[in-house]
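S.K.: My structure file my_file-v6.csv, CSV, C-alpha atoms, is below:
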chain,number,residue,atom,x,y,z
A,1,MET,CA,14.3,8.9,-18.5
A,2,SER,CA,13.0,5.6,-17.2
A,3,GLU,CA,16.6,4.3,-17.1
A,4,LEU,CA,16.9,6.2,-13.9
A,5,ALA,CA,14.6,3.8,-12.1
A,6,LEU,CA,15.3,0.6,-10.3
A,7,HIS,CA,12.6,-2.1,-10.3
A,8,TYR,CA,11.5,-3.9,-7.1
A,9,THR,CA,8.6,-6.2,-6.3
A,10,ALA,CA,7.3,-5.9,-2.7
A,11,PHE,CA,5.4,-8.2,-0.3
A,12,ALA,CA,5.9,-11.3,-2.6
A,13,ASP,CA,4.5,-14.5,-1.1
A,14,ALA,CA,5.6,-16.7,-4.1
A,15,PRO,CA,7.9,-16.5,-7.1
A,16,HIS,CA,6.6,-13.8,-9.4
A,17,GLY,CA,4.4,-12.5,-6.6
A,18,GLY,CA,4.2,-9.1,-5.0
A,19,ASN,CA,3.6,-5.7,-6.3
A,20,PRO,CA,6.1,-4.1,-8.7
A,21,ALA,CA,7.4,-0.5,-8.1
A,22,GLY,CA,9.8,1.8,-9.8
A,23,VAL,CA,12.3,3.5,-7.5
A,24,VAL,CA,14.3,6.6,-8.4
A,25,LEU,CA,16.9,7.1,-5.7
A,26,ASP,CA,17.9,10.7,-6.9
A,27,ALA,CA,15.0,12.6,-8.2
A,28,SER,CA,16.1,16.0,-6.8
A,29,GLY,CA,16.6,17.4,-10.3
A,30,LEU,CA,13.3,16.1,-11.8
A,31,SER,CA,10.2,18.2,-12.3
A,32,THR,CA,6.8,17.0,-11.4
A,33,ALA,CA,6.0,16.4,-15.1
A,34,GLN,CA,9.2,14.4,-15.5
A,35,MET,CA,8.4,12.2,-12.5
A,36,GLN,CA,4.9,11.6,-13.8
A,37,ALA,CA,6.3,10.8,-17.3
A,38,ILE,CA,8.6,8.2,-15.8
A,39,ALA,CA,5.9,6.6,-13.7
A,40,THR,CA,3.6,6.5,-16.8
A,41,GLU,CA,6.4,4.9,-18.9
A,42,LEU,CA,7.3,2.3,-16.3
A,43,GLY,CA,3.6,1.3,-16.0
A,44,HIS,CA,4.0,-0.1,-12.4
A,45,PRO,CA,1.1,0.4,-10.1
A,46,GLU,CA,3.2,3.1,-8.4
A,47,SER,CA,6.7,4.5,-8.6
A,48,ALA,CA,8.6,6.3,-5.8
A,49,PHE,CA,11.0,9.2,-6.1
A,50,VAL,CA,13.6,10.3,-3.5
A,51,VAL,CA,13.5,14.1,-3.9
A,52,SER,CA,15.8,15.0,-0.9
A,53,THR,CA,17.9,13.5,1.9
A,54,SER,CA,18.9,15.5,5.0
A,55,ALA,CA,22.3,15.9,6.5
A,56,ALA,CA,21.2,13.4,9.2
A,57,ALA,CA,21.2,10.8,6.5
A,58,VAL,CA,24.8,10.0,7.3
A,59,GLN,CA,23.4,8.6,10.6
A,60,GLY,CA,26.2,10.1,12.7
A,61,ALA,CA,27.1,9.4,16.3
A,62,ALA,CA,23.8,10.7,17.6
A,63,GLY,CA,22.1,7.9,15.7
A,64,SER,CA,19.7,10.2,13.9
A,65,PRO,CA,17.6,8.4,11.3
A,66,ALA,CA,18.0,9.3,7.6
A,67,ARG,CA,15.4,11.8,6.6
A,68,VAL,CA,14.2,11.2,3.1
A,69,GLY,CA,11.8,13.4,1.0
A,70,MET,CA,9.5,11.2,-1.0
A,71,ARG,CA,6.9,11.6,-3.8
A,72,TYR,CA,4.8,8.8,-5.3
A,73,PHE,CA,3.1,8.5,-8.7
A,74,SER,CA,0.8,6.0,-10.3
A,75,PRO,CA,0.8,5.9,-14.1
A,76,GLY,CA,-2.1,8.4,-14.0
A,77,ALA,CA,-1.5,10.8,-11.1
A,78,GLU,CA,0.5,11.7,-8.0
A,79,ILE,CA,-0.7,10.1,-4.8
A,80,PRO,CA,0.1,11.1,-1.2
A,81,PHE,CA,1.5,7.8,0.0
A,82,CYS,CA,2.2,4.3,-1.3
A,83,GLY,CA,3.1,1.4,1.0
A,84,HIS,CA,4.6,-1.1,-1.3
A,85,ALA,CA,6.7,1.6,-3.0
A,86,THR,CA,7.8,2.7,0.4
A,87,VAL,CA,9.0,-0.8,1.2
A,88,ALA,CA,10.8,-1.0,-2.1
A,89,THR,CA,12.6,2.3,-1.6
A,90,ALA,CA,13.6,1.5,1.9
A,91,VAL,CA,15.1,-1.9,0.8
A,92,ALA,CA,16.9,-0.1,-2.0
A,93,LEU,CA,18.4,2.5,0.4
A,94,PHE,CA,19.3,-0.2,2.9
A,95,GLU,CA,21.0,-2.2,0.2
A,96,SER,CA,22.8,0.7,-1.4
A,97,LYS,CA,23.6,2.9,1.6
A,98,GLY,CA,23.2,0.6,4.7
A,99,TRP,CA,20.6,2.8,6.2
A,100,ARG,CA,18.5,1.0,8.8
A,101,ASP,CA,16.5,3.8,10.4
A,102,MET,CA,14.8,6.3,8.2
A,103,VAL,CA,12.0,8.8,8.2
A,104,PHE,CA,10.2,9.2,4.9
A,105,GLU,CA,8.7,12.7,4.6
A,106,THR,CA,5.6,12.2,2.4
A,107,GLN,CA,2.6,14.3,1.5
A,108,ALA,CA,0.6,12.3,4.0
A,109,GLY,CA,3.0,13.0,6.8
A,110,GLU,CA,6.2,11.4,8.3
A,111,VAL,CA,6.5,7.7,8.1
A,112,ALA,CA,9.1,5.9,10.3
A,113,ILE,CA,11.0,3.1,8.7
A,114,SER,CA,13.2,0.3,10.1
A,115,ALA,CA,15.2,-2.0,7.8
A,116,GLY,CA,17.4,-5.1,8.4
A,117,LEU,CA,18.0,-8.7,7.5
A,118,ASP,CA,15.8,-11.7,8.3
A,119,ASP,CA,17.1,-15.1,9.4
A,120,ALA,CA,17.6,-16.1,5.8
A,121,GLY,CA,19.6,-13.0,5.0
A,122,ARG,CA,16.9,-11.2,3.0
A,123,ALA,CA,16.2,-7.5,3.4
A,124,ARG,CA,13.0,-6.8,5.4
A,125,VAL,CA,11.4,-3.5,6.2
A,126,SER,CA,8.7,-2.2,8.6
A,127,PHE,CA,7.0,1.1,8.3
A,128,VAL,CA,4.8,2.8,10.8
A,129,SER,CA,1.9,4.7,9.2
A,130,VAL,CA,0.9,8.2,10.0
A,131,ASP,CA,-1.8,8.5,12.6
A,132,PRO,CA,-4.7,6.6,11.2
A,133,ALA,CA,-8.4,7.4,11.3
A,134,SER,CA,-11.7,5.8,10.4
A,135,ARG,CA,-15.1,7.4,9.8
A,136,ALA,CA,-18.6,6.6,8.7
A,137,ILE,CA,-19.1,6.4,5.0
A,138,ASP,CA,-21.8,8.6,3.3
A,139,PRO,CA,-24.8,6.4,2.8
A,140,ALA,CA,-25.4,7.7,-0.8
A,141,ALA,CA,-21.7,7.0,-1.6
A,142,LEU,CA,-22.0,3.5,-0.2
A,143,ASP,CA,-25.1,2.8,-2.3
A,144,GLU,CA,-23.4,4.0,-5.4
A,145,LEU,CA,-20.2,2.0,-4.6
A,146,LEU,CA,-22.2,-1.2,-4.0
A,147,SER,CA,-24.0,-0.7,-7.3
A,148,VAL,CA,-20.8,-0.3,-9.2
A,149,LEU,CA,-19.4,-3.4,-7.5
A,150,THR,CA,-22.6,-5.4,-8.3
A,151,LEU,CA,-23.0,-6.0,-4.5
A,152,ARG,CA,-25.9,-5.4,-2.1
A,153,ARG,CA,-26.0,-4.3,1.5
A,154,GLU,CA,-26.9,-7.8,2.6
A,155,ASP,CA,-23.6,-9.0,1.1
A,156,ILE,CA,-21.7,-7.1,3.8
A,157,ASP,CA,-20.7,-9.2,6.9
A,158,PRO,CA,-22.9,-7.7,9.7
A,159,ARG,CA,-19.9,-7.9,12.1
A,160,PHE,CA,-18.0,-5.5,9.9
A,161,PRO,CA,-19.8,-2.2,9.1
A,162,VAL,CA,-18.5,-0.3,6.1
A,163,LEU,CA,-16.2,2.5,7.0
A,164,GLU,CA,-13.7,4.8,5.3
A,165,SER,CA,-10.3,4.2,6.8
A,166,PHE,CA,-7.1,6.3,6.5
A,167,ALA,CA,-3.4,5.5,7.1
A,168,GLY,CA,-1.9,7.7,4.4
A,169,ASN,CA,-4.7,7.4,1.9
A,170,TRP,CA,-8.5,7.1,2.3
A,171,HIS,CA,-9.9,3.7,1.6
A,172,PRO,CA,-13.5,2.5,1.9
A,173,VAL,CA,-13.3,-0.9,3.6
A,174,LEU,CA,-16.0,-3.6,2.8
A,175,VAL,CA,-16.0,-7.1,4.4
A,176,LEU,CA,-18.1,-9.7,2.5
A,177,LYS,CA,-19.7,-12.6,4.3
A,178,ASP,CA,-19.7,-15.0,1.4
A,179,ARG,CA,-16.3,-16.2,0.1
A,180,GLU,CA,-17.6,-17.3,-3.2
A,181,LEU,CA,-19.0,-13.8,-3.8
A,182,PHE,CA,-15.6,-12.3,-2.7
A,183,HIS,CA,-13.9,-14.3,-5.4
A,184,GLN,CA,-16.5,-13.9,-8.1
A,185,PHE,CA,-17.7,-10.2,-8.0
A,186,ARG,CA,-16.8,-8.1,-11.0
A,187,TYR,CA,-16.9,-4.3,-11.6
A,188,ASP,CA,-16.5,-1.7,-14.3
A,189,PRO,CA,-13.3,0.3,-13.7
A,190,ARG,CA,-14.7,3.1,-15.8
A,191,ALA,CA,-17.6,3.6,-13.4
A,192,LEU,CA,-15.6,3.2,-10.2
A,193,GLU,CA,-12.8,5.6,-11.1
A,194,PRO,CA,-14.9,8.8,-11.1
A,195,LEU,CA,-16.7,7.7,-7.9
A,196,MET,CA,-13.4,7.3,-6.1
A,197,GLU,CA,-12.2,10.7,-7.3
A,198,SER,CA,-15.4,12.4,-6.2
A,199,ASN,CA,-15.2,10.9,-2.7
A,200,GLY,CA,-11.5,11.5,-2.2
A,201,TRP,CA,-10.6,7.8,-2.1
A,202,THR,CA,-7.0,8.3,-3.3
A,203,GLY,CA,-6.0,4.8,-2.4
A,204,THR,CA,-7.9,1.7,-3.2
A,205,VAL,CA,-11.3,0.3,-2.6
A,206,THR,CA,-10.5,-2.5,-0.1
A,207,VAL,CA,-12.7,-5.6,-0.1
A,208,LEU,CA,-11.9,-8.2,2.6
A,209,SER,CA,-12.8,-11.8,3.3
A,210,PRO,CA,-12.1,-13.0,6.9
A,211,LEU,CA,-10.3,-16.4,7.1
A,212,ALA,CA,-9.6,-16.2,10.8
A,213,ALA,CA,-9.4,-13.5,13.5
A,214,ASP,CA,-5.9,-12.8,12.5
A,215,LEU,CA,-6.0,-13.6,8.7
A,216,TYR,CA,-7.8,-11.9,5.9
A,217,GLU,CA,-7.8,-12.1,2.1
A,218,ALA,CA,-8.0,-8.8,0.4
A,219,ARG,CA,-8.9,-7.5,-3.1
A,220,ASN,CA,-7.8,-3.9,-3.6
A,221,LEU,CA,-9.5,-2.2,-6.5
A,222,PHE,CA,-7.4,0.5,-8.1
A,223,PRO,CA,-8.8,2.0,-11.3
A,224,VAL,CA,-7.4,5.5,-10.3
A,225,GLY,CA,-4.0,3.9,-10.8
A,226,ARG,CA,-5.1,2.6,-14.2
A,227,ILE,CA,-5.2,-1.1,-13.1
A,228,SER,CA,-8.2,-3.1,-12.1
A,229,GLU,CA,-6.7,-4.7,-8.9
A,230,ASP,CA,-3.5,-3.9,-7.0
A,231,PRO,CA,-1.4,-7.0,-6.1
A,232,ALA,CA,-0.2,-5.7,-2.7
A,233,THR,CA,-1.2,-2.5,-1.0
A,234,GLY,CA,0.7,-1.4,2.1
A,235,SER,CA,-1.4,1.7,2.7
A,236,ALA,CA,-4.6,-0.4,2.6
A,237,ALA,CA,-3.1,-2.9,4.9
A,238,ALA,CA,-2.4,-0.1,7.4
A,239,ALA,CA,-5.9,1.3,6.9
A,240,THR,CA,-7.3,-2.2,7.5
A,241,GLY,CA,-5.4,-2.3,10.8
A,242,ALA,CA,-6.9,1.1,11.7
A,243,TYR,CA,-10.4,-0.2,10.7
A,244,LEU,CA,-10.1,-3.3,12.9
A,245,ARG,CA,-8.9,-1.3,15.8
A,246,THR,CA,-11.8,1.2,15.5
A,247,LEU,CA,-14.3,-1.7,15.6
A,248,GLY,CA,-12.5,-3.4,18.4
A,249,LEU,CA,-11.8,-6.5,16.2
A,250,ALA,CA,-8.0,-6.5,16.3
A,251,PRO,CA,-6.6,-9.8,17.8
A,252,ARG,CA,-5.3,-9.6,21.3
A,253,ASP,CA,-1.7,-9.7,20.2
A,254,GLY,CA,-2.4,-7.1,17.5
A,255,HIS,CA,-0.9,-9.2,14.7
A,256,VAL,CA,-2.8,-9.7,11.4
A,257,GLU,CA,-1.7,-11.2,8.1
A,258,ILE,CA,-3.3,-10.1,4.8
A,259,LEU,CA,-3.2,-12.2,1.7
A,260,GLN,CA,-3.6,-10.3,-1.6
A,261,GLY,CA,-2.9,-10.6,-5.3
A,262,ALA,CA,-4.1,-14.1,-6.1
A,263,HIS,CA,-6.8,-12.7,-8.4
A,264,VAL,CA,-4.2,-11.0,-10.6
A,265,GLY,CA,-1.6,-13.8,-10.4
A,266,ARG,CA,0.8,-12.1,-8.0
A,267,PRO,CA,0.4,-13.7,-4.6
A,268,SER,CA,1.4,-11.3,-1.8
A,269,ARG,CA,1.5,-11.4,2.0
A,270,LEU,CA,1.5,-8.3,4.2
A,271,LEU,CA,2.2,-8.4,8.0
A,272,VAL,CA,0.3,-5.9,10.1
A,273,ASP,CA,0.8,-5.0,13.7
A,274,ILE,CA,-2.0,-3.0,15.4
A,275,PRO,CA,-0.9,-1.2,18.6
A,276,ALA,CA,-3.5,0.2,21.0
A,277,THR,CA,-2.8,3.7,19.8
A,278,GLY,CA,-0.7,5.5,17.2
A,279,GLY,CA,0.4,4.4,13.8
A,280,ILE,CA,-0.1,0.9,12.3
A,281,ARG,CA,3.1,-1.1,11.5
A,282,VAL,CA,3.3,-2.9,8.1
A,283,SER,CA,6.2,-5.3,7.3
A,284,GLY,CA,7.5,-7.1,4.3
A,285,GLY,CA,10.4,-7.5,1.9
A,286,ALA,CA,11.2,-6.4,-1.6
A,287,THR,CA,13.4,-8.0,-4.3
A,288,ARG,CA,15.0,-6.2,-7.2
A,289,PHE,CA,14.2,-7.5,-10.7
A,290,THR,CA,15.0,-6.8,-14.3
A,291,PRO,CA,12.1,-5.7,-16.5
A,292,GLY,CA,10.8,-8.6,-18.6
A,293,SER,CA,11.7,-11.1,-15.9
A,294,GLN,CA,8.4,-10.6,-14.0
A,295,ARG,CA,5.1,-11.5,-15.4
A,296,GLY,CA,2.0,-9.4,-15.0
Would you mind writing the file's structure down as structure tokens?
M.R.:
Amino acid sequence: MSELALHYTAFADAPHGGNPAGVVLDASGLSTAQMQAIATELGHPESAFVVSTSAAAVQGAAGSPARVGMRYFSPGAEIPFCGHATVATAVALFESKGWRDMVFETQAGEVAISAGLDDAGRARVSFVSVDPASRAIDPAALDELLSVLTLRREDIDPRFPVLESFAGNWHPVLVLKDRELFHQFRYDPRALEPLMESNGWTGTVTVLSPLAADLYEARNLFPVGRISEDPATGSAAAATGAYLRTLGLAPRDGHVEILQGAHVGRPSRLLVDIPATGGIRVSGGATRFTPGSQRG
């Protein structure tokens, strides 16, 4: 049934960059087991399934946004929300139906979408996350996480305490003070996966290296999705925005760029806007590709 899926790569910052996603634009007749089987067969970090569209999807005279029921699956399990697959699906709907304003109804909550063309005529999408939150991490869970990642407490940048942050999925966020260590640390996915599951970290473990007040490099560890590192993680970018806002470290204009994917050969760039309150806005594009034409 994988022939039902379109293939997009989202947030690419270079040729063959970005994060691949499968997109099924009409999954209304598929069971949960069938959607999981498609996601597993495709093998992309996540795949998105449009399970319903409302009558407002025609975007009539009142200008109502299209309401789109969404489900997301990694190769191993269903997840509440996926940012890069959201961008991919929104681009696919914009290209196929011309929808510019949408609301995705996800298990994490409603996500507002806007789509259009940039100055070069390429499709670009912004989504506003559900209301984000950040909270202290359990000290015992942090000690276990650091041990699995072969890190120590003194490796954490003292300006950036470790928190769990949410903008659709929960992510522990760690900021390292040494860039060489950021690039070099290794971990055992078989040890991290059960730790993530036991702590309810349904997204990624987000490890950051600050390059400037408005620029970060990220590594997003994703063994629960059956890959060691995710090339581009929209939900983690939004959670990072929430994290920075909680700590009072968001730039004055609220704009942050996140570079990701270099460690897995798929360079990506995610644009994040952090308002004073409410959801975090993440922006980027997606390009359709034919399986076999993308490496990685």
S.K.: Enter the distance from atom CA of Phe104 of chain A to atom CA of Thr89 of chain A, in Å, rounded to one decimal.
M.R.: 9.8 Å
S.K.: Kindly indicate which residue among A:Gly116, A:Gly203, A:Gly83, A:Pro194 lies nearest to Ser129 of chain A, using all atoms listed in the file for the distances.
M.R.: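 Closest to Ser129 of chain A, using all atoms listed in the file: A:Gly83.
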S.K.: Would you be able to write out as a PyMOL selection string which residues have an atom within 12 Å of (5.5, -7.5, -6.5) in the file's coordinates, counting all atoms listed in the file?
M.R.: chain A and resi 7-22+44-46+83-85+87-88+230-234+260-262+264-270+284-289+293-296
S.K.: Find the residues around Leu117 of chain A up to 12 Å (only C-alpha atoms counted), leave out those fewer than 5 positions away in its own chain, and share them as a list in words.
M.R.: Val91, Phe94, Glu95, Gly98, Trp99, Arg100, Arg122, Ala123, Arg124, Val125, Ser126, Gly284, Gly285 and Ala286 of chain A
S.K.: Residues at most 8 Å from segment 165-167 of chain A, counting all atoms listed in the file, excluding those fewer than 2 positions away in the same chain, as an mmCIF file with C-alpha atoms, keeping the file's coordinate frame?
M.R.:
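The resulting out_17.cif:
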data_model
loop_
_atom_site.group_PDB
_atom_site.id
_atom_site.type_symbol
_atom_site.label_atom_id
_atom_site.label_comp_id
_atom_site.auth_asym_id
_atom_site.auth_seq_id
_atom_site.Cartn_x
_atom_site.Cartn_y
_atom_site.Cartn_z
ATOM 1 C CA SER A 129 1.900 4.700 9.200
ATOM 2 C CA VAL A 130 0.900 8.200 10.000
ATOM 3 C CA ASP A 131 -1.800 8.500 12.600
ATOM 4 C CA PRO A 132 -4.700 6.600 11.200
ATOM 5 C CA ALA A 133 -8.400 7.400 11.300
ATOM 6 C CA SER A 134 -11.700 5.800 10.400
ATOM 7 C CA ARG A 135 -15.100 7.400 9.800
ATOM 8 C CA LEU A 163 -16.200 2.500 7.000
ATOM 9 C CA ASN A 169 -4.700 7.400 1.900
ATOM 10 C CA TRP A 170 -8.500 7.100 2.300
ATOM 11 C CA HIS A 171 -9.900 3.700 1.600
ATOM 12 C CA PRO A 172 -13.500 2.500 1.900
ATOM 13 C CA VAL A 173 -13.300 -0.900 3.600
ATOM 14 C CA SER A 235 -1.400 1.700 2.700
ATOM 15 C CA ALA A 236 -4.600 -0.400 2.600
ATOM 16 C CA ALA A 238 -2.400 -0.100 7.400
ATOM 17 C CA ALA A 239 -5.900 1.300 6.900
ATOM 18 C CA THR A 240 -7.300 -2.200 7.500
ATOM 19 C CA ALA A 242 -6.900 1.100 11.700
ATOM 20 C CA TYR A 243 -10.400 -0.200 10.700
ATOM 21 C CA GLY A 279 0.400 4.400 13.800
ATOM 22 C CA ILE A 280 -0.100 0.900 12.300
#
